[in-house]
Structure formats: structure tokens, C-alpha cells
Amino acid sequence: MSKQVQADTLLRDTAVNVQRDVAVNVQRDIAVNVQSDIAVNVRNITKNYEQWQRSSDRRDLFRNLIKPEKRIITALDDVSFQVEKGEFVAYAGANGAGKSTTMKILAGMLYPTSGSVSVLGLSPQTDRIPLMRRLGVMFGNRTELWWDQPVIQSFEWKRVIWDIPDDRYRKTLDTVCELLDIKDLLHTFVRELSLGQRMKADLALLLLHEPELILLDEPTIGLDVLAKRQMIGFLKDLNREKQTTILVTSHDMDDLEEMARRIILVSKGHIAYDGSFGDLRTAAGCMCRIAVTIEADFVPAELESAGVMEELGRADAESAGVALGRPDAESVGVALGRPDAESVVNGSDGRSVLAANGSAAPAVANNCAAHPADHRSAPVIPNASLISGSRGVFEYEFDQQATPITSILSSISGIPGVKDVEIKKAPIEEVITGLYLKWKGIE
Amino acid sequence: MAAKRIPIARFLALYGIYAKMDLMWFLRDFKYAVLGILGDAVSNLTAVAGIFLLAWRFDGVGGMTRYEVLFMLGYSTLITGVFQTFFASNNTGHISRRIGRGQIDHMLIQPLPLPVQLLAEGFIPFTGSSNLVTGSLILAAAVHFMEIALPWWWIFSLIGNVAVTMLIILSESYLYSSVAFYAPAAAEEIAYYVIDLRSPLSQYPLSGMPLQLQIPLITAVPAGLLAWFPTMALLGKPPLSLTSFFPVLVAVLFFLLAQFTFRKGMMHYVKTGSSRYLTQGYRR
């Protein structure tokens, strides 16, 4: 990467140095790469679009006719990146970030305003025909299949147009049909396929000429969970087994993380991040999640000491709230006449949920307090924020950089009644949403 | 985007796959396909019948005999048939539709030069040839009734004239369709107006018309070159004391103009892209 500006923006936002290291690593990697290992080389491309502006004001009537106002929209601004052969790269960004524009430029459908693009060592502008023999392009909202023909007919069409030798065609067809499980669809008319089936058929069509590089623009759009899983699994296998380079865009960040090892994040025409998903999390604040499950038959010490259960003779009472004749009580704290819940939390340091979680906590604490039919309350974990909880399962978020996981686990070990602990990564969707919001706030 | 040399065998393979796809479509729903083809032929016959009945009633029009008029109508139907057989499918003839709908993108990802794709993709010999057959029959009937002896090479002259007429039609279509690169929504249907709506004008005999009408109709708006002029030339009576090769000159001029504007439009397309992508109308 010759430009560091975009990465610097993120560095400023997150106030961590990790990404600088990542960016430097990417630069170093690129420097040592020989040209033949590069599948995509984008250098300083800028893409401007013109938008006509029209006002409905009568005074502007003549101006609109003679010299209408034009606005220049910069979809990509001095963007540079490289993709090595065999890589599986996610190209992500919010709506209007410049994802599809980049894909179209790489596919030769659109020319950049300035800068240079090399795909598999060829220029999409001047070497379109030889490039298309080696490149596969799929846009999720379009189909290359022939609508009024059986699927197999589109495959035959592809064989002729791409001039694929018969034996190679047969072999590839058998392979993709088996891997994508579309044998039963071959003689069905494309118009009669479901979206998931159509996408699979489109993907099979794309693969018939065994492209070295595949550009996928929103390949999972509109697919149900099962179809999505199949599509993702297939693409991962393809990349791993055949070393096919894949560059994919999607709005679904979880899909992207599952598929790709590297993510290029574009924001308003700039590359805001280029690196691994793990480093992106780190750059965005190293937030980790931990879910704590409390045993179902666990009774908080405070309730036991208060003798609530024994007093009522209801050891199997479904909740202290019910036991106290307060079936509408939202928390044991309320049931005990302690609406601040301070007396019932199980913090090892004796602090309350409110104290531990700051100002946002009351609402969370209220929502996350034990279910009316459950006497388990959220335990307090120092330096971790409670974000959700129900039926004895409480989820916390903590900054792994500020608080080591060992410290969190140590705190949990002191909590009575813990049945299970699960450590999770913060969903990438939330990480990126946070970044988008930060960028929006700044810009 | 310059056209590269494509071996003739490759062209034949391309025509072959599109012919096969057309046959598959034809056989998918045979009854409806036959009805559609017959309906197409009947509607075209109806369109030309009016002029022939006038020619019959008045024993010719503007100096042309009734059978010369029939010959001209046969030629016009033949031209419609050739257009439908080779250029009607996938809007390769009505190219403004594909430009306006942003569907040129589909072509840019195929490893073939655009002109080759455009020449091959429109080929529908089974469902598009009804007017080709009808036109040939009308032409044969007209020749039969005129009782003229035609030399053996006349058939090549006919093929040459048909080729030149097609070049004029397509050049005009591509010339005006280039506007769709700049105004995709407004000019999406411009090719339809250029080709289809002007068709009745081309079926009208211009013999006997004032020069002020004839000249524009064989130059700027060359409707007269689509049936009337070639008919007279094929019958050995090229009008206005012009050479029989006059349509070739006009065709070349229109072709060069169309090539220039279309290339310029394509450059605009790949620079600006299309925000009007519609799946409807392409491969459907």
C-alpha cells in the first residue's frame, strides 16, 4: 500500500497501534512479492462519477437547460491494494463505499478515472478477451444463465463461448455438479429455480472454464441459511483445494469472516483497513465476550440467608418474586423491596451491577435480572459489562487488551453457582458497525 | 474493443449454439411456438397486403406494375425475415434496449469481441424465419407473374442487395441507439422507432413521387433504400438515373458513422457505467 492515510484515520479513531503494524506488514509483504504471485494489483485508482443537479426553482429553468449543474462524486479515491494468488479476500464497506465500482473496474466493465489496474497480469481495459478466459465474475443480483432454457443449455452455451475443450468441459461439469449438488437441476428451466438453486447454477456456470480468479459481488444476497452455508462451504473448499483466488463483497460481515482470511474495508472511496479479521477486532477495541451460565437450582446466598425459601416453605419456589407474592416483580431485588438490586447481586467484591456497569447498566440490569420464573440474577464481573441475559445465561463484554482473560476467569471462578463459561469473539458485524459509526461521526 | 480475427469455424460454432437454443425454445412449447410464428407471418402479410391491393386496383402505383409492387413487398418481407432471423433475438438489432438497460455488462465479461457477440447472439433460425420464408415465396411469386427471365447470377445480386439493406438498417439502428449511452432512460426504445415504426414507409413505392421527397428518402432517411430502390435495381431499372450500387455508398457512410458514434458511446459507457441495470428483456 503506497497510501497510509486511510489506515491512519482508523488508527486515530481506535487509538491503538496494532493496525499500523498490520499496514506495515502488508507493505512489507507486497515488497517481497514477485509480480507473478500477484493476482490483483490496483494502484492509485480514482473513480469519479458525474451527477446532474436539477433544481425545481423557476429561476433555474434556463440554467438547467443551458448549463446544468454537475456534481462530481468520488467513488474511489486513490485506492491501492494487492491480492496474491490463492488468497481469499473480503472486500467490504457500507452502501456507496465503492465496492461494486471496484469489482466492475477489475472486471473491465468500468474504467477508472486515473490509476492503473492489473488483473492476473493483464489490463482489464486493453486485454479484456484474454483476461475473461481466466477470470470469473458473478454479481449476486444478476444471472448469466439463460432464463428460458434448461440449466444444462446455459452450460453448453458457456462451453462454446469460452471455447472449452470437450473433455475438460465434461470433467469440470461433473466436478461442479457433484460439489454443488445440482445434478437434479440440470434439466430444469432456469426461470423455475429457487434463488438458492439459481445461485448455485450460476456459480457452477462461472466455474466451468476453471477461472484462476473469481470476483463475487454479493454472492449470498437473498439466500436462506442453508443455501448460504452451502455456498460458503463450497467457496472455501474451492479456495483451499484449487488455490483459486477469490475476491468477494458482501453486506453480511459474518459471512465474509467465515469465508475470507483477509478483509479490505472501504469507506467513502478510501481503504480504511486492510488486514486480518482478528486484527480488525483488535484495532476496533479488542472487545471479547464471555457467557456465564448459572446452575438452574442455584439459590443466591442472600436469599438463603434471608430465609425467604424456608420461611415460605417453598424450597422449589420458581422465583423469589412469586414466593413473596409479587408475581409481577421483575427482579429479586424488587421482590425484596430493594429496587436497586444491590443486595441480591453476587459480586465477589460486593459491588452491584449498577456500580460495575456504569450509567448504561440500569436498563440492562433491569432486563437481565432473573426471569419472573427464575431466581438467578446476573453476577458481577469486574471490568466486564453485562450486555444481555436471560434464564441464567449472562453475556458480558470486556476489552481483552485492558483486562486479560485470566483476570476475568479468575473473577468468575469466585462466583457461586456457575455451571458453564463460554468465551466468544465480538460479532464482526458489530465491530464494523461501530467503525462505520465512528467514521460517520468524524466525517 | 477492436474486433479480432475469428475463424469461420468459430463463427459457425457460435451460430450453432444459438440455433440449438432456439430449437430448444421452439420445441419446449411447440403449439405456442407455431401459433406465434404463424401470427407473425399473418401480421406481416396483412401489413403489405394493403399496398398490393391498391396496386392491383389501380393496375400499379407510380409507374410500377402491380407485380413489381408485389416484388417490392416480397423484398420488404424478406428483409424483415432476415432481420428477425439474425438480429431480432436478445435485442442485438434493437441495441438501444441493451444499452439503456445496462446489459452491455454481460457482454464485457465474455471472451469474444463485441461485434462477434452481436452478430451471433441474435440468430434464431427456427422461431424467427417465418417472414424469411414468406418473403421468399412472395418474391418467387412476383418473379413468376412478371414472366421475366433472370440470369443465374441474379440470385447473388439479390443476396448482395439484401446484405446492403441489412447494413443500412443495422447502421441506422446503432447510430441512433448510441444516444442511449448518454440518455439510457429516454433513448432505451429509440431502435424500435428507427426500425419498426419506419417499416411501413419503406414498403411504399416511391416511383412517381416528387424529387424533393425521393432524395431525402434515399439519403438522410433512407427508407427508400430498404425496398423500393433495391427492387428497381434488381429489376434492371435503378431509379433517378443512379447506379445500382448507390445503396452501397449510403450503407458504407451510415456504417462508418454508426461505428464512430457507437465506439464513442461505448467509451462513455465504460467510463460512466450504467445505473439502470434491468434484468428484464435480456435472456428472458
# chains A, B, ... in the order shown; residues from 1 in each chain; ligands from 1
$ closest_atom_pairs --of "chain B" --to "chain A" --cutoff "9 Å" --atoms "only C-alpha atoms" --output "CSV"
residue,atom,partner,partner_atom,distance
B:Met1,CA,A:Thr126,CA,7.7
B:Arg10,CA,A:Asp163,CA,8.5
B:Ala13,CA,A:Val160,CA,6.9
B:Leu14,CA,A:Val160,CA,6.6
B:Ile17,CA,A:Trp157,CA,6.3
B:Tyr18,CA,A:Trp157,CA,8.0
B:Met21,CA,A:Gln153,CA,7.2
B:Met24,CA,A:Gln149,CA,7.4
B:Trp25,CA,A:Gln149,CA,6.9
B:Arg28,CA,A:Gln149,CA,8.8
B:Ile104,CA,A:Met109,CA,8.6
B:Asp105,CA,A:Met109,CA,6.0
B:His106,CA,A:Glu144,CA,7.3
B:Leu108,CA,A:Met109,CA,6.2
B:Ile109,CA,A:Met132,CA,5.9
B:Gln110,CA,A:Met132,CA,6.1
B:Pro111,CA,A:Ile129,CA,4.3
B:Leu112,CA,A:Ile129,CA,6.0
B:Pro113,CA,A:Ile129,CA,7.2
B:Met267,CA,A:Tyr111,CA,8.8
B:Tyr269,CA,A:Leu110,CA,7.7
B:Val270,CA,A:Leu110,CA,4.4
B:Lys271,CA,A:Tyr111,CA,5.2
B:Thr272,CA,A:Tyr49,CA,6.4
B:Gly273,CA,A:Leu110,CA,5.9
B:Leu278,CA,A:Arg142,CA,8.9
B:Thr279,CA,A:Arg142,CA,6.9
B:Tyr282,CA,A:Trp147,CA,8.6
B:Arg283,CA,A:Trp146,CA,5.2
B:Arg284,CA,A:Trp147,CA,5.1
$ write_last_selection --atoms "C-alpha atoms" --output "compact mmCIF listing (two decimals), in the first residue's frame"
# COMPACT_ATOMS: atom_id res chain seq x y z
CA MET B 1 -12.62 -3.40 -28.23
CA ARG B 10 -15.74 -20.46 -34.51
CA ALA B 13 -19.98 -22.91 -33.67
CA LEU B 14 -21.49 -19.74 -32.23
CA ILE B 17 -25.25 -22.98 -30.25
CA TYR B 18 -27.71 -20.14 -30.72
CA MET B 21 -31.01 -22.86 -28.14
CA MET B 24 -34.92 -25.94 -27.72
CA TRP B 25 -37.15 -22.94 -27.13
CA ARG B 28 -40.33 -26.51 -25.39
CA ILE B 104 -23.75 -4.42 -22.14
CA ASP B 105 -22.08 -5.52 -18.88
CA HIS B 106 -23.00 -9.13 -19.73
CA LEU B 108 -18.00 -7.34 -21.49
CA ILE B 109 -17.31 -10.45 -19.43
CA GLN B 110 -17.37 -12.80 -22.41
CA PRO B 111 -14.07 -13.63 -24.09
CA LEU B 112 -15.30 -12.58 -27.51
CA PRO B 113 -15.12 -9.28 -29.40
CA MET B 267 -16.16 4.61 -24.24
CA TYR B 269 -20.41 3.59 -21.10
CA VAL B 270 -17.23 2.12 -19.63
CA LYS B 271 -16.30 5.48 -18.16
CA THR B 272 -19.63 6.24 -16.55
CA GLY B 273 -21.11 2.77 -16.10
CA LEU B 278 -32.58 -4.24 -15.63
CA THR B 279 -32.74 -7.98 -15.88
CA TYR B 282 -32.29 -9.91 -21.69
CA ARG B 283 -32.16 -13.67 -21.77
CA ARG B 284 -35.79 -13.77 -20.83
$ select_by_dssp --residues "region 190-311 of chain A" --states "strand (DSSP E or B)" --output "ChimeraX atom specification"
/A:213-217,245-249,262-267,270-276,287-294
$ residues_around --residues "Thr293 (chain A)" --least-positions-apart "4" --cutoff "10 Å" --atoms "only C-alpha atoms" --output "ChimeraX atom specification"
/A:376,378,389-395,417-422
$ write_last_selection --atoms "N, CA and C atoms" --output "short mmCIF file (atom, residue, chain, number, x, y, z; two decimals), in the first residue's frame"
data_model
loop_
_atom_site.label_atom_id
_atom_site.label_comp_id
_atom_site.auth_asym_id
_atom_site.auth_seq_id
_atom_site.Cartn_x
_atom_site.Cartn_y
_atom_site.Cartn_z
N ARG A 376 -32.40 -16.69 39.44
CA ARG A 376 -30.98 -16.40 39.21
C ARG A 376 -30.80 -14.97 38.72
N ALA A 378 -27.92 -11.68 37.64
CA ALA A 378 -26.63 -11.50 36.98
C ALA A 378 -25.52 -11.30 37.99
N GLY A 389 -28.88 -11.09 29.07
CA GLY A 389 -29.01 -12.22 29.97
C GLY A 389 -30.44 -12.67 30.09
N SER A 390 -30.64 -13.96 30.11
CA SER A 390 -31.97 -14.49 30.38
C SER A 390 -31.83 -15.95 30.78
N ARG A 391 -32.74 -16.37 31.65
CA ARG A 391 -32.80 -17.76 32.12
C ARG A 391 -31.43 -18.29 32.56
N GLY A 392 -30.73 -17.47 33.30
CA GLY A 392 -29.47 -17.91 33.91
C GLY A 392 -28.24 -17.82 33.03
N VAL A 393 -28.40 -17.34 31.78
CA VAL A 393 -27.22 -17.19 30.91
C VAL A 393 -26.97 -15.70 30.74
N PHE A 394 -25.82 -15.24 31.19
CA PHE A 394 -25.49 -13.81 31.17
C PHE A 394 -24.26 -13.57 30.30
N GLU A 395 -24.40 -12.59 29.40
CA GLU A 395 -23.29 -12.32 28.48
C GLU A 395 -22.66 -10.97 28.82
N GLY A 417 -22.28 -21.00 41.95
CA GLY A 417 -23.37 -21.46 41.08
C GLY A 417 -23.07 -21.43 39.60
N VAL A 418 -21.82 -21.14 39.22
CA VAL A 418 -21.51 -21.08 37.78
C VAL A 418 -21.44 -22.50 37.23
N LYS A 419 -22.21 -22.71 36.16
CA LYS A 419 -22.27 -24.05 35.57
C LYS A 419 -21.37 -24.14 34.33
N ASP A 420 -21.36 -23.03 33.55
CA ASP A 420 -20.61 -23.08 32.28
C ASP A 420 -20.10 -21.68 31.94
N VAL A 421 -18.98 -21.65 31.25
CA VAL A 421 -18.42 -20.37 30.81
C VAL A 421 -18.03 -20.52 29.33
N GLU A 422 -18.45 -19.57 28.51
CA GLU A 422 -18.13 -19.65 27.08
C GLU A 422 -17.53 -18.31 26.63
#
$ residues_around --residues "region 201-214 of chain B" --least-positions-apart "4" --cutoff "12 Å" --atoms "only C-alpha atoms" --output "count of residues only"
55
$ atom_distance --atom1 "CA of Ala149 (chain B)" --atom2 "CA of Ser136 (chain B)"
17.3 Å
$ atom_distance --atom1 "CA of Arg43 (chain A)" --atom2 "CA of Val79 (chain A)"
6.6 Å
$ atom_distance --atom1 "CA of Gly275 (chain A)" --atom2 "CA of Ile263 (chain A)"
5.6 Å
$ residues_around --residues "Gln197 (chain A)" --least-positions-apart "2" --cutoff "10 Å" --atoms "only C-alpha atoms" --output "PyMOL selection string"
chain A and resi 180-182+185+190+192-195+199-203+223+227
$ closest_residue --among "A:Glu84, A:Glu218, A:Glu295, A:Asp37" --to "Ser377 (chain A)" --atoms "only C-alpha atoms"
A:Glu295
$ select_by_dssp --residues "region 25-270 of chain A" --states "helix (DSSP H, G or I)" --output "compact mmCIF listing (two decimals) with N, CA and C atoms, in the first residue's frame"
# COMPACT_ATOMS: atom_id res chain seq x y z
N ASN A 25 3.09 -4.41 7.84
CA ASN A 25 3.30 -5.79 7.42
C ASN A 25 2.84 -6.02 6.00
N VAL A 26 1.66 -5.44 5.69
CA VAL A 26 1.12 -5.60 4.33
C VAL A 26 2.08 -5.00 3.32
N GLN A 27 2.62 -3.81 3.67
CA GLN A 27 3.58 -3.15 2.77
C GLN A 27 4.80 -4.03 2.56
N ARG A 28 5.28 -4.59 3.66
CA ARG A 28 6.48 -5.39 3.57
C ARG A 28 6.20 -6.64 2.73
N ASP A 29 5.01 -7.23 2.96
CA ASP A 29 4.65 -8.42 2.19
C ASP A 29 4.62 -8.13 0.71
N ILE A 30 4.03 -6.99 0.39
CA ILE A 30 3.91 -6.63 -1.02
C ILE A 30 5.30 -6.43 -1.63
N ALA A 31 6.17 -5.81 -0.87
CA ALA A 31 7.50 -5.51 -1.38
C ALA A 31 8.26 -6.78 -1.74
N VAL A 32 8.05 -7.82 -0.96
CA VAL A 32 8.81 -9.04 -1.24
C VAL A 32 8.13 -9.95 -2.26
N GLN A 35 6.13 -10.37 -8.98
CA GLN A 35 4.97 -9.97 -9.75
C GLN A 35 4.05 -11.15 -10.08
N SER A 36 4.64 -12.31 -10.35
CA SER A 36 3.83 -13.44 -10.79
C SER A 36 2.91 -13.96 -9.68
N ASP A 37 3.18 -13.58 -8.46
CA ASP A 37 2.33 -14.05 -7.37
C ASP A 37 1.15 -13.13 -7.13
N ARG A 58 -38.10 28.02 -10.56
CA ARG A 58 -38.35 28.58 -11.90
C ARG A 58 -37.18 29.43 -12.40
N ARG A 59 -36.49 30.07 -11.44
CA ARG A 59 -35.38 30.94 -11.83
C ARG A 59 -34.23 30.14 -12.44
N ASP A 60 -34.17 28.83 -12.10
CA ASP A 60 -33.08 27.99 -12.61
C ASP A 60 -33.43 27.29 -13.91
N LEU A 61 -34.62 27.59 -14.46
CA LEU A 61 -35.09 26.89 -15.65
C LEU A 61 -34.10 26.98 -16.80
N PHE A 62 -33.66 28.20 -17.11
CA PHE A 62 -32.75 28.38 -18.24
C PHE A 62 -31.36 27.82 -17.93
N ARG A 63 -30.97 28.02 -16.69
CA ARG A 63 -29.65 27.49 -16.32
C ARG A 63 -29.64 25.96 -16.45
N ASN A 64 -30.75 25.32 -16.06
CA ASN A 64 -30.85 23.87 -16.19
C ASN A 64 -30.77 23.42 -17.64
N LEU A 65 -31.34 24.26 -18.53
CA LEU A 65 -31.34 23.90 -19.94
C LEU A 65 -29.99 24.14 -20.58
N ILE A 66 -29.40 25.29 -20.29
CA ILE A 66 -28.17 25.69 -20.97
C ILE A 66 -26.92 25.11 -20.31
N LYS A 99 -17.59 -0.52 -3.33
CA LYS A 99 -17.30 -1.95 -3.52
C LYS A 99 -17.59 -2.39 -4.95
N SER A 100 -18.82 -2.15 -5.39
CA SER A 100 -19.21 -2.61 -6.72
C SER A 100 -18.42 -1.89 -7.80
N THR A 101 -18.10 -0.62 -7.56
CA THR A 101 -17.30 0.12 -8.52
C THR A 101 -15.94 -0.57 -8.70
N THR A 102 -15.34 -0.98 -7.60
CA THR A 102 -14.06 -1.67 -7.68
C THR A 102 -14.20 -2.97 -8.45
N MET A 103 -15.24 -3.73 -8.13
CA MET A 103 -15.44 -5.02 -8.81
C MET A 103 -15.62 -4.82 -10.31
N LYS A 104 -16.38 -3.79 -10.67
CA LYS A 104 -16.61 -3.54 -12.09
C LYS A 104 -15.32 -3.11 -12.78
N ILE A 105 -14.50 -2.35 -12.09
CA ILE A 105 -13.22 -1.93 -12.68
C ILE A 105 -12.33 -3.15 -12.88
N LEU A 106 -12.31 -4.04 -11.91
CA LEU A 106 -11.48 -5.24 -12.04
C LEU A 106 -11.99 -6.15 -13.16
N ARG A 128 -9.06 -7.37 -22.47
CA ARG A 128 -10.33 -7.90 -21.97
C ARG A 128 -10.53 -9.37 -22.37
N ILE A 129 -10.31 -9.68 -23.63
CA ILE A 129 -10.64 -11.04 -24.09
C ILE A 129 -9.75 -12.12 -23.44
N PRO A 130 -8.41 -11.96 -23.49
CA PRO A 130 -7.60 -12.99 -22.80
C PRO A 130 -7.86 -13.05 -21.29
N LEU A 131 -8.19 -11.89 -20.72
CA LEU A 131 -8.46 -11.87 -19.27
C LEU A 131 -9.72 -12.65 -18.94
N MET A 132 -10.75 -12.49 -19.77
CA MET A 132 -12.02 -13.16 -19.48
C MET A 132 -11.94 -14.68 -19.59
N ARG A 133 -10.93 -15.16 -20.28
CA ARG A 133 -10.74 -16.61 -20.33
C ARG A 133 -10.25 -17.14 -18.98
N ARG A 134 -9.65 -16.25 -18.19
CA ARG A 134 -9.06 -16.68 -16.92
C ARG A 134 -9.78 -16.14 -15.69
N VAL A 151 -30.97 -25.53 -17.38
CA VAL A 151 -29.66 -25.13 -16.86
C VAL A 151 -28.53 -25.67 -17.74
N ILE A 152 -28.67 -26.92 -18.16
CA ILE A 152 -27.60 -27.56 -18.93
C ILE A 152 -27.31 -26.80 -20.24
N GLN A 153 -28.37 -26.15 -20.76
CA GLN A 153 -28.20 -25.40 -22.01
C GLN A 153 -27.28 -24.19 -21.80
N SER A 154 -27.40 -23.55 -20.65
CA SER A 154 -26.50 -22.44 -20.34
C SER A 154 -25.07 -22.93 -20.22
N PHE A 155 -24.92 -24.14 -19.67
CA PHE A 155 -23.58 -24.71 -19.54
C PHE A 155 -22.98 -25.00 -20.92
N GLU A 156 -23.84 -25.53 -21.80
CA GLU A 156 -23.40 -25.81 -23.18
C GLU A 156 -22.99 -24.51 -23.87
N TRP A 157 -23.81 -23.49 -23.64
CA TRP A 157 -23.53 -22.17 -24.21
C TRP A 157 -22.16 -21.68 -23.75
N LYS A 158 -21.90 -21.86 -22.47
CA LYS A 158 -20.62 -21.42 -21.92
C LYS A 158 -19.46 -22.18 -22.58
N ARG A 159 -19.65 -23.47 -22.80
CA ARG A 159 -18.60 -24.28 -23.43
C ARG A 159 -18.22 -23.70 -24.79
N VAL A 160 -19.24 -23.31 -25.54
CA VAL A 160 -18.98 -22.79 -26.89
C VAL A 160 -18.36 -21.39 -26.83
N ILE A 161 -18.94 -20.52 -26.02
CA ILE A 161 -18.46 -19.14 -25.96
C ILE A 161 -17.03 -19.08 -25.43
N ASP A 166 -13.89 -30.26 -25.13
CA ASP A 166 -14.95 -31.16 -24.66
C ASP A 166 -14.59 -31.96 -23.41
N ASP A 167 -13.40 -32.57 -23.43
CA ASP A 167 -13.04 -33.44 -22.30
C ASP A 167 -12.90 -32.62 -21.01
N ARG A 168 -12.33 -31.43 -21.13
CA ARG A 168 -12.16 -30.57 -19.95
C ARG A 168 -13.54 -30.12 -19.43
N TYR A 169 -14.41 -29.82 -20.39
CA TYR A 169 -15.76 -29.38 -20.03
C TYR A 169 -16.50 -30.48 -19.26
N ARG A 170 -16.43 -31.71 -19.80
CA ARG A 170 -17.13 -32.83 -19.15
C ARG A 170 -16.61 -33.04 -17.73
N LYS A 171 -15.29 -32.98 -17.61
CA LYS A 171 -14.66 -33.23 -16.31
C LYS A 171 -15.08 -32.15 -15.29
N THR A 172 -14.98 -30.89 -15.74
CA THR A 172 -15.34 -29.79 -14.83
C THR A 172 -16.82 -29.83 -14.49
N LEU A 173 -17.63 -30.15 -15.49
CA LEU A 173 -19.07 -30.21 -15.26
C LEU A 173 -19.40 -31.26 -14.20
N ASP A 174 -18.80 -32.44 -14.34
CA ASP A 174 -19.04 -33.50 -13.36
C ASP A 174 -18.63 -33.04 -11.96
N THR A 175 -17.48 -32.38 -11.90
CA THR A 175 -16.97 -31.95 -10.59
C THR A 175 -17.90 -30.92 -9.94
N VAL A 176 -18.25 -29.89 -10.69
CA VAL A 176 -19.07 -28.82 -10.08
C VAL A 176 -20.47 -29.32 -9.75
N CYS A 177 -20.98 -30.24 -10.59
CA CYS A 177 -22.32 -30.77 -10.32
C CYS A 177 -22.32 -31.55 -9.02
N GLU A 178 -21.24 -32.29 -8.81
CA GLU A 178 -21.15 -33.10 -7.60
C GLU A 178 -20.95 -32.20 -6.38
N LEU A 179 -20.02 -31.26 -6.50
CA LEU A 179 -19.71 -30.42 -5.35
C LEU A 179 -20.88 -29.50 -4.97
N LEU A 180 -21.56 -29.01 -5.98
CA LEU A 180 -22.67 -28.08 -5.70
C LEU A 180 -24.02 -28.79 -5.60
N LYS A 183 -27.00 -31.84 -9.82
CA LYS A 183 -27.30 -32.80 -10.89
C LYS A 183 -28.79 -32.83 -11.22
N ASP A 184 -29.60 -32.73 -10.17
CA ASP A 184 -31.06 -32.81 -10.38
C ASP A 184 -31.63 -31.56 -11.03
N LEU A 185 -30.82 -30.50 -11.07
CA LEU A 185 -31.33 -29.24 -11.61
C LEU A 185 -30.99 -29.04 -13.08
N VAL A 190 -34.36 -22.45 -16.02
CA VAL A 190 -33.77 -21.51 -15.06
C VAL A 190 -34.86 -20.70 -14.37
N ARG A 191 -35.89 -20.32 -15.14
CA ARG A 191 -36.95 -19.50 -14.55
C ARG A 191 -37.71 -20.23 -13.44
N GLU A 192 -37.57 -21.56 -13.39
CA GLU A 192 -38.30 -22.32 -12.38
C GLU A 192 -37.46 -22.65 -11.15
N LEU A 195 -34.16 -19.12 -5.71
CA LEU A 195 -33.00 -18.24 -5.73
C LEU A 195 -31.72 -18.99 -5.36
N GLY A 196 -31.82 -19.83 -4.33
CA GLY A 196 -30.64 -20.59 -3.90
C GLY A 196 -30.16 -21.52 -4.99
N GLN A 197 -31.10 -22.20 -5.66
CA GLN A 197 -30.74 -23.11 -6.75
C GLN A 197 -30.12 -22.33 -7.90
N ARG A 198 -30.71 -21.18 -8.19
CA ARG A 198 -30.19 -20.35 -9.29
C ARG A 198 -28.78 -19.87 -9.01
N MET A 199 -28.54 -19.49 -7.76
CA MET A 199 -27.19 -19.02 -7.41
C MET A 199 -26.18 -20.16 -7.55
N LYS A 200 -26.60 -21.35 -7.17
CA LYS A 200 -25.69 -22.49 -7.29
C LYS A 200 -25.40 -22.78 -8.77
N ALA A 201 -26.46 -22.70 -9.57
CA ALA A 201 -26.28 -22.93 -11.01
C ALA A 201 -25.40 -21.84 -11.62
N ASP A 202 -25.59 -20.62 -11.15
CA ASP A 202 -24.76 -19.51 -11.64
C ASP A 202 -23.30 -19.72 -11.27
N LEU A 203 -23.09 -20.20 -10.06
CA LEU A 203 -21.73 -20.45 -9.59
C LEU A 203 -21.09 -21.58 -10.40
N ALA A 204 -21.89 -22.60 -10.68
CA ALA A 204 -21.38 -23.70 -11.49
C ALA A 204 -21.00 -23.20 -12.88
N LEU A 205 -21.85 -22.37 -13.44
CA LEU A 205 -21.57 -21.79 -14.77
C LEU A 205 -20.26 -21.01 -14.74
N LEU A 206 -20.09 -20.26 -13.68
CA LEU A 206 -18.89 -19.44 -13.51
C LEU A 206 -17.63 -20.29 -13.49
N LEU A 207 -17.75 -21.50 -12.92
CA LEU A 207 -16.56 -22.32 -12.70
C LEU A 207 -16.19 -23.21 -13.87
N VAL A 225 -30.50 -19.64 5.07
CA VAL A 225 -29.35 -20.07 5.86
C VAL A 225 -28.67 -21.29 5.25
N LEU A 226 -29.45 -22.26 4.84
CA LEU A 226 -28.88 -23.50 4.31
C LEU A 226 -28.13 -23.23 3.01
N ALA A 227 -28.77 -22.50 2.11
CA ALA A 227 -28.14 -22.20 0.83
C ALA A 227 -26.85 -21.39 1.03
N LYS A 228 -26.90 -20.49 2.00
CA LYS A 228 -25.74 -19.66 2.31
C LYS A 228 -24.58 -20.52 2.80
N ARG A 229 -24.92 -21.44 3.71
CA ARG A 229 -23.89 -22.34 4.27
C ARG A 229 -23.24 -23.15 3.16
N GLN A 230 -24.08 -23.66 2.24
CA GLN A 230 -23.55 -24.48 1.15
C GLN A 230 -22.64 -23.65 0.26
N MET A 231 -23.09 -22.45 -0.05
CA MET A 231 -22.31 -21.56 -0.93
C MET A 231 -20.95 -21.23 -0.28
N ILE A 232 -20.99 -20.87 0.99
CA ILE A 232 -19.76 -20.51 1.69
C ILE A 232 -18.82 -21.71 1.78
N GLY A 233 -19.37 -22.86 2.13
CA GLY A 233 -18.56 -24.07 2.23
C GLY A 233 -17.89 -24.39 0.91
N PHE A 234 -18.65 -24.25 -0.16
CA PHE A 234 -18.10 -24.56 -1.48
C PHE A 234 -16.97 -23.61 -1.84
N LEU A 235 -17.18 -22.33 -1.60
CA LEU A 235 -16.15 -21.35 -1.94
C LEU A 235 -14.87 -21.57 -1.13
N LYS A 236 -15.04 -21.93 0.13
CA LYS A 236 -13.87 -22.19 0.96
C LYS A 236 -13.09 -23.40 0.44
N ASP A 237 -13.83 -24.43 0.09
CA ASP A 237 -13.18 -25.63 -0.46
C ASP A 237 -12.44 -25.31 -1.75
N LEU A 238 -13.10 -24.52 -2.58
CA LEU A 238 -12.52 -24.16 -3.88
C LEU A 238 -11.20 -23.42 -3.68
N ASN A 239 -11.21 -22.50 -2.75
CA ASN A 239 -10.00 -21.72 -2.47
C ASN A 239 -8.91 -22.61 -1.87
N ARG A 240 -9.30 -23.48 -0.99
CA ARG A 240 -8.31 -24.31 -0.29
C ARG A 240 -7.75 -25.39 -1.21
N GLU A 241 -8.62 -26.05 -1.94
CA GLU A 241 -8.17 -27.20 -2.71
C GLU A 241 -7.57 -26.82 -4.07
N LYS A 242 -8.17 -25.83 -4.72
CA LYS A 242 -7.68 -25.48 -6.06
C LYS A 242 -6.85 -24.21 -6.07
N MET A 253 -21.25 -9.35 7.18
CA MET A 253 -19.88 -9.44 7.67
C MET A 253 -19.56 -10.81 8.26
N ASP A 254 -20.56 -11.44 8.85
CA ASP A 254 -20.31 -12.77 9.41
C ASP A 254 -19.99 -13.76 8.30
N ASP A 255 -20.69 -13.63 7.18
CA ASP A 255 -20.39 -14.49 6.03
C ASP A 255 -18.97 -14.25 5.56
N LEU A 256 -18.62 -12.98 5.47
CA LEU A 256 -17.28 -12.64 4.98
C LEU A 256 -16.21 -13.21 5.90
N GLU A 257 -16.44 -13.08 7.19
CA GLU A 257 -15.43 -13.58 8.14
C GLU A 257 -15.30 -15.09 8.04
N GLU A 258 -16.43 -15.73 7.78
CA GLU A 258 -16.37 -17.19 7.67
C GLU A 258 -15.62 -17.62 6.41
N MET A 259 -15.75 -16.81 5.37
CA MET A 259 -15.15 -17.18 4.09
C MET A 259 -13.69 -16.79 3.99
